[in-house]
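Participant: My structure file upload.cif, mmCIF, C-alpha atoms and all ligand atoms, is below:
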```
data_final
#
loop_
_atom_site.label_atom_id
_atom_site.label_comp_id
_atom_site.auth_asym_id
_atom_site.auth_seq_id
_atom_site.Cartn_x
_atom_site.Cartn_y
_atom_site.Cartn_z
CA MET A 46 18.49 -26.96 -2.50
CA THR A 47 14.87 -26.86 -3.66
CA ALA A 48 13.51 -27.98 -0.28
CA SER A 49 14.91 -24.95 1.51
CA ARG A 50 13.46 -22.35 -0.83
CA THR A 51 11.23 -19.76 0.82
CA ARG A 52 7.61 -20.42 -0.14
CA VAL A 53 5.95 -17.23 -1.37
CA ALA A 54 2.29 -16.41 -2.01
CA LEU A 55 1.53 -13.33 -4.10
CA MET A 56 -1.95 -11.88 -3.73
CA GLY A 57 -2.83 -9.27 -6.35
CA ALA A 58 -0.31 -10.77 -8.79
CA THR A 59 -1.73 -8.97 -11.83
CA GLY A 60 -1.32 -5.40 -10.56
CA SER A 61 1.56 -2.93 -10.43
CA ILE A 62 3.16 -4.28 -7.22
CA GLY A 63 2.26 -7.83 -8.23
CA THR A 64 4.08 -7.70 -11.57
CA GLN A 65 7.10 -6.01 -9.99
CA THR A 66 7.21 -8.76 -7.35
CA LEU A 67 7.30 -11.29 -10.20
CA GLU A 68 10.27 -9.44 -11.70
CA VAL A 69 12.15 -9.84 -8.41
CA LEU A 70 11.19 -13.52 -8.13
CA ARG A 71 12.30 -14.22 -11.72
CA ARG A 72 15.81 -13.17 -10.68
CA GLU A 73 15.86 -15.38 -7.56
CA PRO A 74 14.70 -18.86 -8.63
CA GLU A 75 17.06 -20.56 -6.18
CA ALA A 76 15.85 -18.62 -3.17
CA PHE A 77 12.06 -18.46 -3.66
CA ASP A 78 9.30 -20.80 -4.74
CA LEU A 79 6.08 -19.08 -5.79
CA VAL A 80 3.40 -21.43 -4.49
CA ALA A 81 0.20 -19.37 -4.72
CA VAL A 82 -1.10 -16.36 -6.65
CA SER A 83 -4.37 -14.47 -6.87
CA GLY A 84 -5.74 -11.69 -9.00
CA GLY A 85 -9.09 -10.26 -9.90
CA ARG A 86 -10.48 -10.19 -13.45
CA ARG A 87 -7.31 -10.49 -15.58
CA VAL A 88 -7.58 -14.25 -15.89
CA GLU A 89 -5.31 -14.68 -18.92
CA GLN A 90 -2.53 -12.80 -17.16
CA LEU A 91 -3.01 -14.90 -14.04
CA ALA A 92 -2.91 -18.12 -16.07
CA ALA A 93 0.35 -17.01 -17.72
CA VAL A 94 1.91 -16.38 -14.29
CA ALA A 95 0.72 -19.75 -12.96
CA THR A 96 2.18 -21.52 -15.98
CA GLU A 97 5.50 -19.65 -16.00
CA PHE A 98 6.19 -20.17 -12.29
CA GLY A 99 4.55 -23.61 -11.96
CA VAL A 100 2.18 -22.25 -9.32
CA ARG A 101 -0.14 -24.93 -7.91
CA HIS A 102 -2.71 -22.76 -6.09
CA VAL A 103 -4.53 -19.88 -7.75
CA GLY A 104 -7.24 -17.59 -6.34
CA VAL A 105 -9.89 -15.81 -8.43
CA SER A 106 -12.82 -13.55 -7.55
CA ASP A 107 -15.81 -15.62 -8.70
CA GLU A 108 -17.07 -18.81 -10.37
CA SER A 109 -17.04 -17.36 -13.88
CA ASP A 110 -13.34 -16.48 -13.52
CA ARG A 111 -12.75 -19.95 -12.10
CA SER A 112 -14.14 -21.66 -15.20
CA ARG A 113 -12.26 -19.31 -17.55
CA LEU A 114 -9.02 -20.02 -15.66
CA ALA A 115 -9.62 -23.78 -15.56
CA ASP A 116 -9.52 -23.80 -19.40
CA LEU A 117 -6.13 -22.07 -19.40
CA VAL A 118 -4.10 -23.93 -16.77
CA SER A 119 -3.15 -27.57 -16.26
CA ASP A 120 -5.61 -29.86 -14.46
CA ASP A 121 -3.51 -30.22 -11.32
CA VAL A 122 -3.80 -26.50 -10.47
CA ASN A 123 -6.03 -25.95 -7.46
CA ILE A 124 -8.32 -22.96 -8.13
CA VAL A 125 -9.96 -21.30 -5.14
CA VAL A 126 -12.62 -18.59 -5.17
CA GLY A 127 -13.42 -15.40 -3.27
CA GLU A 128 -12.43 -14.26 0.19
CA LYS A 129 -12.41 -17.77 1.65
CA GLY A 130 -10.08 -18.84 -1.16
CA LEU A 131 -7.74 -15.92 -0.48
CA ARG A 132 -7.55 -16.90 3.18
CA GLU A 133 -6.70 -20.48 2.25
CA LEU A 134 -3.84 -19.36 0.01
CA CYS A 135 -2.29 -17.35 2.87
CA THR A 136 -2.08 -20.34 5.19
CA GLY A 137 1.06 -22.36 4.58
CA PRO A 138 3.56 -20.15 2.71
CA ASP A 139 6.50 -18.58 4.56
CA VAL A 140 5.89 -15.12 3.08
CA VAL A 141 2.70 -13.60 1.70
CA VAL A 142 2.94 -10.47 -0.43
CA ASN A 143 -0.29 -8.50 -0.09
CA ALA A 144 -0.48 -6.51 -3.33
CA VAL A 145 -4.26 -6.40 -3.47
CA MET A 146 -5.80 -2.95 -3.94
CA GLY A 147 -8.02 -1.48 -1.21
CA PHE A 148 -10.12 -2.92 1.62
CA ALA A 149 -10.42 -6.20 -0.33
CA GLY A 150 -6.89 -6.95 0.92
CA LEU A 151 -8.03 -7.35 4.54
CA PRO A 152 -8.53 -11.16 4.47
CA VAL A 153 -4.97 -11.53 3.16
CA THR A 154 -3.49 -9.39 5.94
CA LEU A 155 -5.39 -11.16 8.70
CA ALA A 156 -5.03 -14.73 7.42
CA THR A 157 -1.27 -14.33 6.96
CA LEU A 158 -0.69 -12.94 10.44
CA GLU A 159 -3.01 -15.50 12.01
CA ALA A 160 -0.99 -18.23 10.27
CA GLY A 161 2.17 -16.87 11.96
CA ALA A 162 3.89 -16.02 8.66
CA ARG A 163 5.69 -13.00 7.26
CA LEU A 164 3.41 -10.45 5.63
CA ALA A 165 5.09 -8.28 2.99
CA LEU A 166 2.49 -5.56 3.08
CA ALA A 167 1.82 -3.22 0.16
CA ASN A 168 -1.91 -3.06 0.88
CA LYS A 169 -1.96 -0.14 3.32
CA GLU A 170 -5.77 0.12 3.32
CA SER A 171 -6.22 -3.12 5.33
CA LEU A 172 -3.86 -1.97 8.07
CA ILE A 173 -5.42 1.51 8.24
CA ALA A 174 -9.02 0.30 8.30
CA ALA A 175 -8.49 -2.48 10.83
CA ALA A 176 -5.53 -1.30 12.92
CA PRO A 177 -6.68 -2.70 16.31
CA VAL A 178 -7.70 -6.05 14.78
CA VAL A 179 -4.45 -6.30 12.81
CA ALA A 180 -2.50 -5.46 15.99
CA GLN A 181 -4.14 -8.44 17.69
CA ALA A 182 -3.37 -10.81 14.78
CA ARG A 183 0.21 -9.57 14.78
CA LEU A 184 0.71 -11.09 18.25
CA THR A 185 0.50 -14.61 16.74
CA PRO A 186 3.87 -16.32 17.26
CA GLY A 187 5.95 -16.03 14.08
CA ALA A 188 3.76 -13.30 12.60
CA GLN A 189 5.65 -10.34 11.22
CA ILE A 190 4.84 -7.35 9.00
CA LEU A 191 7.48 -6.02 6.61
CA PRO A 192 6.27 -2.91 4.82
CA VAL A 193 6.54 -2.81 1.02
CA ASP A 194 5.31 0.79 0.86
CA SER A 195 8.58 2.57 0.03
CA GLU A 196 8.40 5.19 2.81
CA HIS A 197 7.61 2.62 5.46
CA CYS A 198 10.24 0.24 4.19
CA ALA A 199 12.72 3.11 4.48
CA ILE A 200 11.63 3.84 8.05
CA TYR A 201 11.76 0.14 8.91
CA GLN A 202 15.38 0.06 7.72
CA CYS A 203 16.26 3.27 9.60
CA LEU A 204 14.73 1.82 12.78
CA VAL A 205 16.96 -1.26 12.85
CA GLY A 206 18.62 -1.01 16.26
CA SER A 207 15.75 0.90 17.86
CA THR A 208 14.21 -2.03 19.67
CA GLU A 209 12.16 -0.61 22.57
CA PRO A 210 8.38 -0.68 22.05
CA GLY A 211 7.09 2.78 21.10
CA HIS A 212 10.64 3.79 20.06
CA PRO A 213 11.40 6.31 22.87
CA ASP A 214 14.77 7.07 21.19
CA VAL A 215 12.94 8.42 18.14
CA ALA A 216 11.99 12.09 18.08
CA ARG A 217 10.12 12.07 14.75
CA LEU A 218 9.37 9.95 11.72
CA LEU A 219 9.85 12.06 8.58
CA LEU A 220 7.68 10.68 5.82
CA THR A 221 8.71 11.98 2.42
CA ALA A 222 6.18 12.80 -0.30
CA SER A 223 6.92 13.51 -3.96
CA GLY A 224 4.15 16.10 -3.88
CA GLY A 225 2.46 14.36 -6.82
CA PRO A 226 1.74 15.93 -10.22
CA PHE A 227 0.22 19.10 -8.74
CA ARG A 228 2.98 20.21 -6.39
CA GLY A 229 3.08 24.00 -6.30
CA TRP A 230 -0.36 24.39 -7.89
CA SER A 231 -2.71 26.96 -6.35
CA ARG A 232 -6.27 26.10 -5.29
CA GLU A 233 -7.45 28.10 -8.30
CA ARG A 234 -5.35 26.14 -10.79
CA LEU A 235 -6.34 22.85 -9.18
CA ARG A 236 -9.96 23.51 -10.21
CA GLY A 237 -9.15 22.66 -13.82
CA VAL A 238 -7.48 19.29 -13.17
CA THR A 239 -8.40 16.49 -15.61
CA LYS A 240 -8.20 12.73 -15.24
CA SER A 241 -5.12 12.43 -17.42
CA ASP A 242 -3.39 15.21 -15.40
CA ALA A 243 -4.12 13.28 -12.19
CA LEU A 244 -2.98 9.95 -13.64
CA ALA A 245 0.43 11.34 -14.66
CA HIS A 246 2.64 10.84 -11.60
CA PRO A 247 6.05 12.52 -11.94
CA THR A 248 8.24 9.86 -10.28
CA TRP A 249 6.33 6.57 -9.79
CA SER A 250 4.33 4.32 -12.13
CA MET A 251 1.57 2.71 -10.03
CA GLY A 252 -1.98 1.35 -10.15
CA PRO A 253 -4.75 3.91 -10.82
CA LYS A 254 -6.15 4.20 -7.27
CA ILE A 255 -2.85 5.01 -5.55
CA THR A 256 -1.90 7.34 -8.42
CA ILE A 257 -5.04 9.40 -7.77
CA ASP A 258 -4.39 9.23 -4.01
CA SER A 259 -0.93 10.66 -4.67
CA SER A 260 -2.42 13.55 -6.65
CA THR A 261 -4.75 14.56 -3.79
CA LEU A 262 -2.08 13.83 -1.13
CA MET A 263 -4.60 11.43 0.44
CA ASN A 264 -1.94 8.77 -0.13
CA LYS A 265 0.36 10.63 2.25
CA GLY A 266 -2.47 11.06 4.76
CA LEU A 267 -3.11 7.31 4.61
CA GLU A 268 0.63 6.71 4.96
CA VAL A 269 0.77 8.73 8.19
CA LEU A 270 -1.91 6.42 9.58
CA GLU A 271 -0.05 3.41 8.18
CA ALA A 272 3.22 4.48 9.82
CA SER A 273 1.55 5.07 13.16
CA ALA A 274 -0.04 1.60 13.11
CA LEU A 275 3.12 -0.14 11.87
CA PHE A 276 5.63 1.40 14.25
CA GLY A 277 3.44 2.21 17.29
CA ILE A 278 4.31 5.90 17.08
CA GLY A 279 1.61 8.58 17.51
CA THR A 280 0.84 10.89 14.59
CA ASP A 281 2.07 13.81 16.75
CA ARG A 282 5.57 12.37 16.15
CA ILE A 283 5.14 11.96 12.38
CA ASP A 284 5.89 14.76 9.89
CA VAL A 285 5.36 14.90 6.14
CA VAL A 286 8.19 16.40 4.09
CA VAL A 287 7.79 17.12 0.38
CA HIS A 288 10.78 15.82 -1.55
CA PRO A 289 10.08 15.99 -5.31
CA GLN A 290 12.97 13.76 -6.48
CA SER A 291 11.72 10.64 -4.60
CA ILE A 292 15.30 9.62 -3.78
CA VAL A 293 15.10 9.87 0.01
CA HIS A 294 12.28 7.42 0.76
CA SER A 295 11.81 8.62 4.35
CA MET A 296 13.84 9.40 7.46
CA VAL A 297 13.95 8.82 11.18
CA GLY A 298 14.97 11.69 13.47
CA TYR A 299 16.45 10.43 16.74
CA VAL A 300 16.42 12.28 20.08
CA ASP A 301 20.16 13.02 19.80
CA GLY A 302 19.56 15.06 16.66
CA SER A 303 20.74 12.44 14.17
CA VAL A 304 18.55 11.89 11.15
CA LEU A 305 18.86 8.55 9.35
CA ALA A 306 17.58 8.23 5.80
CA GLN A 307 17.25 5.50 3.19
CA LEU A 308 18.04 6.52 -0.39
CA SER A 309 17.67 4.80 -3.73
CA ARG A 310 16.31 5.40 -7.17
CA PRO A 311 12.52 5.32 -7.09
CA ASP A 312 11.88 1.64 -7.87
CA MET A 313 9.38 -0.49 -5.94
CA ARG A 314 11.40 -3.63 -6.72
CA LEU A 315 13.85 -2.52 -4.02
CA PRO A 316 11.39 -2.50 -1.07
CA ILE A 317 9.70 -5.64 -2.44
CA ALA A 318 13.08 -7.44 -2.52
CA TYR A 319 13.91 -6.15 0.97
CA CYS A 320 10.68 -7.60 2.35
CA LEU A 321 11.26 -10.94 0.65
CA GLY A 322 14.91 -11.29 1.60
CA ALA A 323 15.27 -9.61 5.02
CA PRO A 324 17.47 -9.79 6.96
CA GLU A 325 19.46 -10.69 3.84
CA ARG A 326 19.73 -8.09 1.05
CA LEU A 327 19.09 -9.34 -2.47
CA ALA A 328 21.07 -7.95 -5.40
CA HIS A 329 19.24 -5.20 -7.32
CA HIS A 330 19.49 -5.61 -11.10
CA TRP A 331 17.89 -2.42 -12.32
CA GLY A 332 20.41 0.33 -11.67
CA GLN A 333 21.84 2.13 -8.65
CA LEU A 334 22.03 5.74 -7.52
CA ASP A 335 25.01 7.38 -9.18
CA PHE A 336 26.73 10.03 -7.04
CA ARG A 337 29.31 10.84 -9.74
CA THR A 338 26.76 13.07 -11.44
CA ALA A 339 25.17 16.08 -9.72
CA LEU A 340 22.29 15.13 -7.48
CA ASN A 341 20.02 17.82 -6.10
CA LEU A 342 17.79 16.88 -3.23
CA GLN A 343 15.08 19.32 -2.28
CA PHE A 344 12.84 19.36 0.80
CA GLU A 345 9.88 21.60 1.58
CA PRO A 346 6.76 21.57 3.76
CA PRO A 347 3.48 20.39 2.22
CA ASP A 348 0.82 22.93 1.17
CA ARG A 349 -1.90 21.90 3.61
CA GLU A 350 -4.35 24.49 2.33
CA ALA A 351 -4.29 23.36 -1.30
CA PHE A 352 -4.22 19.69 -0.23
CA PRO A 353 -6.61 19.33 2.75
CA ALA A 354 -6.52 15.49 2.59
CA LEU A 355 -3.51 15.51 4.88
CA ASP A 356 -5.32 17.30 7.72
CA LEU A 357 -8.38 15.14 7.15
CA ALA A 358 -6.25 12.05 7.75
CA LEU A 359 -4.68 13.59 10.86
CA ALA A 360 -8.15 14.38 12.22
CA ALA A 361 -9.14 10.73 11.62
CA ALA A 362 -6.01 9.65 13.50
CA GLN A 363 -7.02 11.87 16.43
CA ARG A 364 -10.48 10.32 16.60
CA ALA A 365 -8.96 6.83 16.25
CA GLY A 366 -11.36 3.84 16.50
CA ALA A 367 -13.15 3.41 13.18
CA ALA A 368 -12.40 6.94 11.89
CA PRO A 369 -9.43 5.79 9.74
CA ALA A 370 -11.62 2.97 8.35
CA TRP A 371 -14.25 5.54 7.35
CA LEU A 372 -11.65 7.79 5.74
CA SER A 373 -10.17 4.96 3.71
CA ALA A 374 -13.57 3.55 2.65
CA ALA A 375 -14.95 6.98 1.68
CA ASN A 376 -11.79 7.69 -0.27
CA GLU A 377 -11.98 4.37 -2.15
CA VAL A 378 -15.55 5.15 -3.19
CA CYS A 379 -14.69 8.70 -4.29
CA VAL A 380 -11.58 7.69 -6.24
CA GLU A 381 -13.58 5.02 -8.04
CA ALA A 382 -16.29 7.60 -8.84
CA PHE A 383 -13.61 9.97 -10.18
CA LEU A 384 -12.05 7.22 -12.33
CA GLU A 385 -15.55 6.50 -13.70
CA ASP A 386 -15.99 10.23 -14.54
CA ARG A 387 -18.84 10.60 -12.05
CA ILE A 388 -17.17 13.35 -10.02
CA SER A 389 -14.40 15.86 -10.67
CA TRP A 390 -10.95 15.72 -9.09
CA GLY A 391 -11.82 18.69 -6.87
CA GLU A 392 -14.81 16.85 -5.43
CA ILE A 393 -12.87 13.82 -4.13
CA VAL A 394 -11.57 15.22 -0.84
CA PRO A 395 -14.63 17.38 0.04
CA LEU A 396 -16.83 14.30 -0.42
CA VAL A 397 -14.57 12.27 1.88
CA ALA A 398 -14.81 15.13 4.41
CA ARG A 399 -18.60 15.06 4.12
CA THR A 400 -18.64 11.38 5.05
CA MET A 401 -16.31 12.06 7.97
CA ASP A 402 -18.77 14.69 9.25
CA GLU A 403 -21.23 11.85 9.82
CA TYR A 404 -18.78 9.63 11.68
CA VAL A 405 -19.97 8.46 15.08
CA ASP A 406 -17.23 7.18 17.42
CA ASP A 407 -16.80 3.41 17.37
CA PRO A 408 -13.87 1.70 19.13
CA LEU A 409 -13.59 -0.99 16.41
CA ALA A 410 -13.61 -3.96 18.76
CA ASP A 411 -13.49 -6.82 16.26
CA LEU A 412 -13.55 -7.85 12.62
CA ASP A 413 -17.36 -7.62 12.42
CA ALA A 414 -17.12 -3.99 13.54
CA VAL A 415 -14.49 -3.31 10.85
CA VAL A 416 -16.68 -4.80 8.13
CA ASP A 417 -19.78 -2.93 9.41
CA ASN A 418 -17.97 0.40 9.59
CA ASP A 419 -16.52 -0.04 6.11
CA ALA A 420 -20.01 -0.78 4.73
CA THR A 421 -21.60 2.19 6.54
CA ALA A 422 -18.96 4.65 5.35
CA ARG A 423 -19.35 3.37 1.77
CA ARG A 424 -23.16 3.64 1.93
CA ILE A 425 -23.01 7.24 3.21
CA THR A 426 -20.42 8.23 0.59
CA HIS A 427 -22.42 6.64 -2.25
CA ALA A 428 -25.51 8.51 -1.06
CA ASN A 429 -23.62 11.80 -1.34
CA LEU A 430 -22.38 11.15 -4.90
CA PRO A 431 -24.20 12.93 -7.72
CA SER A 432 -26.65 10.51 -9.39
P1 LIG B 1 -3.24 -2.37 -8.95
O1 LIG B 1 -4.60 -1.80 -9.14
O2 LIG B 1 -2.22 -2.20 -10.02
O3 LIG B 1 -3.35 -3.94 -8.63
C1 LIG B 1 -4.23 -4.42 -7.66
C2 LIG B 1 -4.25 -5.93 -7.63
O4 LIG B 1 -5.28 -6.30 -6.70
C3 LIG B 1 -4.61 -6.60 -8.95
O5 LIG B 1 -3.95 -7.84 -9.05
C4 LIG B 1 -6.11 -6.84 -8.83
O6 LIG B 1 -6.57 -7.93 -9.60
C5 LIG B 1 -6.23 -7.16 -7.34
N1 LIG B 1 -7.56 -6.82 -6.83
C6 LIG B 1 -8.21 -5.65 -6.97
N2 LIG B 1 -9.42 -5.72 -6.38
C7 LIG B 1 -9.51 -6.96 -5.84
C8 LIG B 1 -10.52 -7.65 -5.11
N3 LIG B 1 -11.69 -7.05 -4.83
N4 LIG B 1 -10.26 -8.90 -4.68
C9 LIG B 1 -9.10 -9.50 -4.97
N5 LIG B 1 -8.10 -8.91 -5.68
C10 LIG B 1 -8.32 -7.67 -6.11
O7 LIG B 1 -2.70 -1.75 -7.56
P2 LIG B 1 -1.20 -1.47 -7.07
O8 LIG B 1 -0.79 -0.12 -7.52
O9 LIG B 1 -0.35 -2.65 -7.37
O10 LIG B 1 -1.42 -1.35 -5.51
C11 LIG B 1 -1.67 -2.48 -4.69
C12 LIG B 1 -1.54 -2.05 -3.23
O11 LIG B 1 -0.19 -1.64 -3.01
C13 LIG B 1 -2.41 -0.84 -2.86
O12 LIG B 1 -2.86 -0.99 -1.54
C14 LIG B 1 -1.45 0.33 -2.94
O13 LIG B 1 -1.80 1.39 -2.07
C15 LIG B 1 -0.15 -0.32 -2.49
N6 LIG B 1 1.07 0.34 -2.98
C16 LIG B 1 1.31 0.39 -4.32
C17 LIG B 1 2.45 1.03 -4.79
C18 LIG B 1 2.78 1.04 -6.26
O14 LIG B 1 3.87 1.49 -6.62
N7 LIG B 1 1.92 0.58 -7.13
C19 LIG B 1 3.34 1.63 -3.89
C20 LIG B 1 3.06 1.55 -2.52
C21 LIG B 1 1.91 0.90 -2.09
MG MG B 2 4.27 5.10 -0.45
#
```
How would this structure read if it were set down as structure tokens?
Facilitator:
Amino acid sequence: MTASRTRVALMGATGSIGTQTLEVLRREPEAFDLVAVSGGRRVEQLAAVATEFGVRHVGVSDESDRSRLADLVSDDVNIVVGEKGLRELCTGPDVVVNAVMGFAGLPVTLATLEAGARLALANKESLIAAAPVVAQARLTPGAQILPVDSEHCAIYQCLVGSTEPGHPDVARLLLTASGGPFRGWSRERLRGVTKSDALAHPTWSMGPKITIDSSTLMNKGLEVLEASALFGIGTDRIDVVVHPQSIVHSMVGYVDGSVLAQLSRPDMRLPIAYCLGAPERLAHHWGQLDFRTALNLQFEPPDREAFPALDLALAAAQRAGAAPAWLSAANEVCVEAFLEDRISWGEIVPLVARTMDEYVDDPLADLDAVVDNDATARRITHANLPS
């Protein structure tokens, strides 16, 4: 029994997706064996996970975290450090869950695909920033991406049966958006937004960066780029639909007029479990949709004027090459600056736009080009921040 368990590595185990992945794994001890975990900074939490699940390989960010962790776990635990360590942990397991936040997740994405394993991908930033390089790694025999991001997991499920490359039978991907905490707010009202307003998402509880991205709608812009890279469908065939209840997680419109949707209560444990178990479906233990009570589903177009991040992302998609990498890097820098109270909410997207104004076309030929472009975009954005 034990020998046939699926070996899972969980990178970013201490975050929002990481801890929800652990909740799924706790329910499936016969099916999965957690063999490796990583997490930045929260060493005590990481040690507790390693001990609970009997994990033998643990990745930390630096030497000081390594020595702190070594005091907390048993001697036979192999502790690896930094990016090289992350790559090591992704070589060997059957499935790697990439729940790292931001561009730092790129080594996980690439090492997993290059090892020919299944990548359960929450970390959208790595795919967006390095799309051509990821596409190459994805050609490795056995390599496979299953999207954890709820919208993309929904689309993945609605595309089962659409097998031709480029999906010619698909008219449009319909990416749903909750609209975030500021849905319906005017530009005027948005000027007064505070950090606690922006951190209060109406339907999802997530890490701070993606919560802010949801409030600016940059998350949806990034998700359009993510969907295009994942499914090989141009952004001209991807629409964003605001759906405040977060019950319909996205839809696929086929050429015959049929629209397929995936529905569930908003709970990231569902897409996580789908990515771990597919093609099998694992039982969900945290409640189902109940159609015996009234259920109102509402759909409306996004307010592109109040939330210009969406058009900024579409413009980056048009320019292709390294433009999405610049957008994502500039956004990471601005969101961090906002979370550190260095800029206001209203400055995030204009500052990203200012970085994009300086973008010079680059085809993004290889990993070095990805790393260089990320660094350049960050440098330019930092230079534009108030001192
Ligand atoms: P989080 O901030 O809660 O957790 C991030 C994890 O990454 C932590 O374990 C942290 O230690 C680790 N990490 C951060 N920086 C790192 C670095 N430099 N090197 C190594 N590890 C590092 O974030 P989250 O909300 O869980 O999001 C993780 C990813 O999943 C993001 O890309 C996000 O866009 C995506 N995602 C999250 C949700 C959600 O519901 N939280 C939904 C869809 C997609
Ligand atoms: Mg999403």
Participant: Around (-8.0, -1.9, 3.0) in the file's frame, which residues reach within 10 Å when counting all atoms listed in the file? Return as a ChimeraX atom specification?
Facilitator: /A:145-152,154,168-175,370,373-374,377,419
Participant: Please identify all protein, DNA and RNA residues within 8 Å of ligand MG 2 (chain B), counting all atoms listed in the file, and report them as a list of chain:residue names.
Facilitator: A:Asp194, A:Ser195, A:Glu196, A:His197, A:Ala222, A:Asn264, A:Lys265, A:Glu268
Participant: To check your reading of the model: which residues sit at most 7 Å from ligand LIG 1 (chain B) when counting all atoms listed in the file? Write the answer as a PyMOL selection string.
Facilitator: chain A and resi 56-63+83-87+106+144-147+149-150+167-170+193-195+249-255+313
Participant: Would you mind reading off the distance between CA of Ile283 in chain A and CA of Ile200 in chain A, one decimal, in Å?
Facilitator: 11.3 Å
Participant: Looking at all atoms listed in the file, which of A:Asn143, A:Ser273, A:Gln333, A:Ser231 is the one that sits closest to Leu158 in chain A?
Facilitator: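 That would be A:Asn143, the residue with the smallest distance to Leu158 in chain A.
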Participant: Enter the distance from CA of Leu184 in chain A to CA of Asp411 in chain A, in Å, rounded to one decimal.
Facilitator: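 Separating CA of Leu184 in chain A from CA of Asp411 in chain A is a distance of 15.0 Å.
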Participant: Mind giving me the axis-aligned box for range 296-307 of chain A with 5 Å on every side, centre plus edges in Å to one decimal, as AutoDock Vina command-line options?
Facilitator:
```
--center_x 17.3 --center_y 10.3 --center_z 11.6 --size_x 16.9 --size_y 19.6 --size_z 26.9
```
Participant: Extract range 304-315 of chain A from the structure I just pasted (atoms: C-alpha atoms) and return it as a PDB file, in the first residue's frame.
Facilitator:
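Generated file (decode.pdb):
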```pdb
ATOM      1  CA  VAL A 304     -21.095  27.397 -22.359  1.00  0.00           C
ATOM      2  CA  LEU A 305     -19.631  24.956 -19.826  1.00  0.00           C
ATOM      3  CA  ALA A 306     -18.988  26.118 -16.279  1.00  0.00           C
ATOM      4  CA  GLN A 307     -17.512  24.676 -13.098  1.00  0.00           C
ATOM      5  CA  LEU A 308     -19.302  25.598  -9.873  1.00  0.00           C
ATOM      6  CA  SER A 309     -18.506  25.090  -6.221  1.00  0.00           C
ATOM      7  CA  ARG A 310     -18.338  26.984  -2.991  1.00  0.00           C
ATOM      8  CA  PRO A 311     -15.292  29.256  -2.985  1.00  0.00           C
ATOM      9  CA  ASP A 312     -12.718  26.961  -1.363  1.00  0.00           C
ATOM     10  CA  MET A 313      -9.179  26.528  -2.698  1.00  0.00           C
ATOM     11  CA  ARG A 314      -9.014  23.012  -1.231  1.00  0.00           C
ATOM     12  CA  LEU A 315     -11.177  21.881  -4.159  1.00  0.00           C
TER      13      LEU A 315
END
```
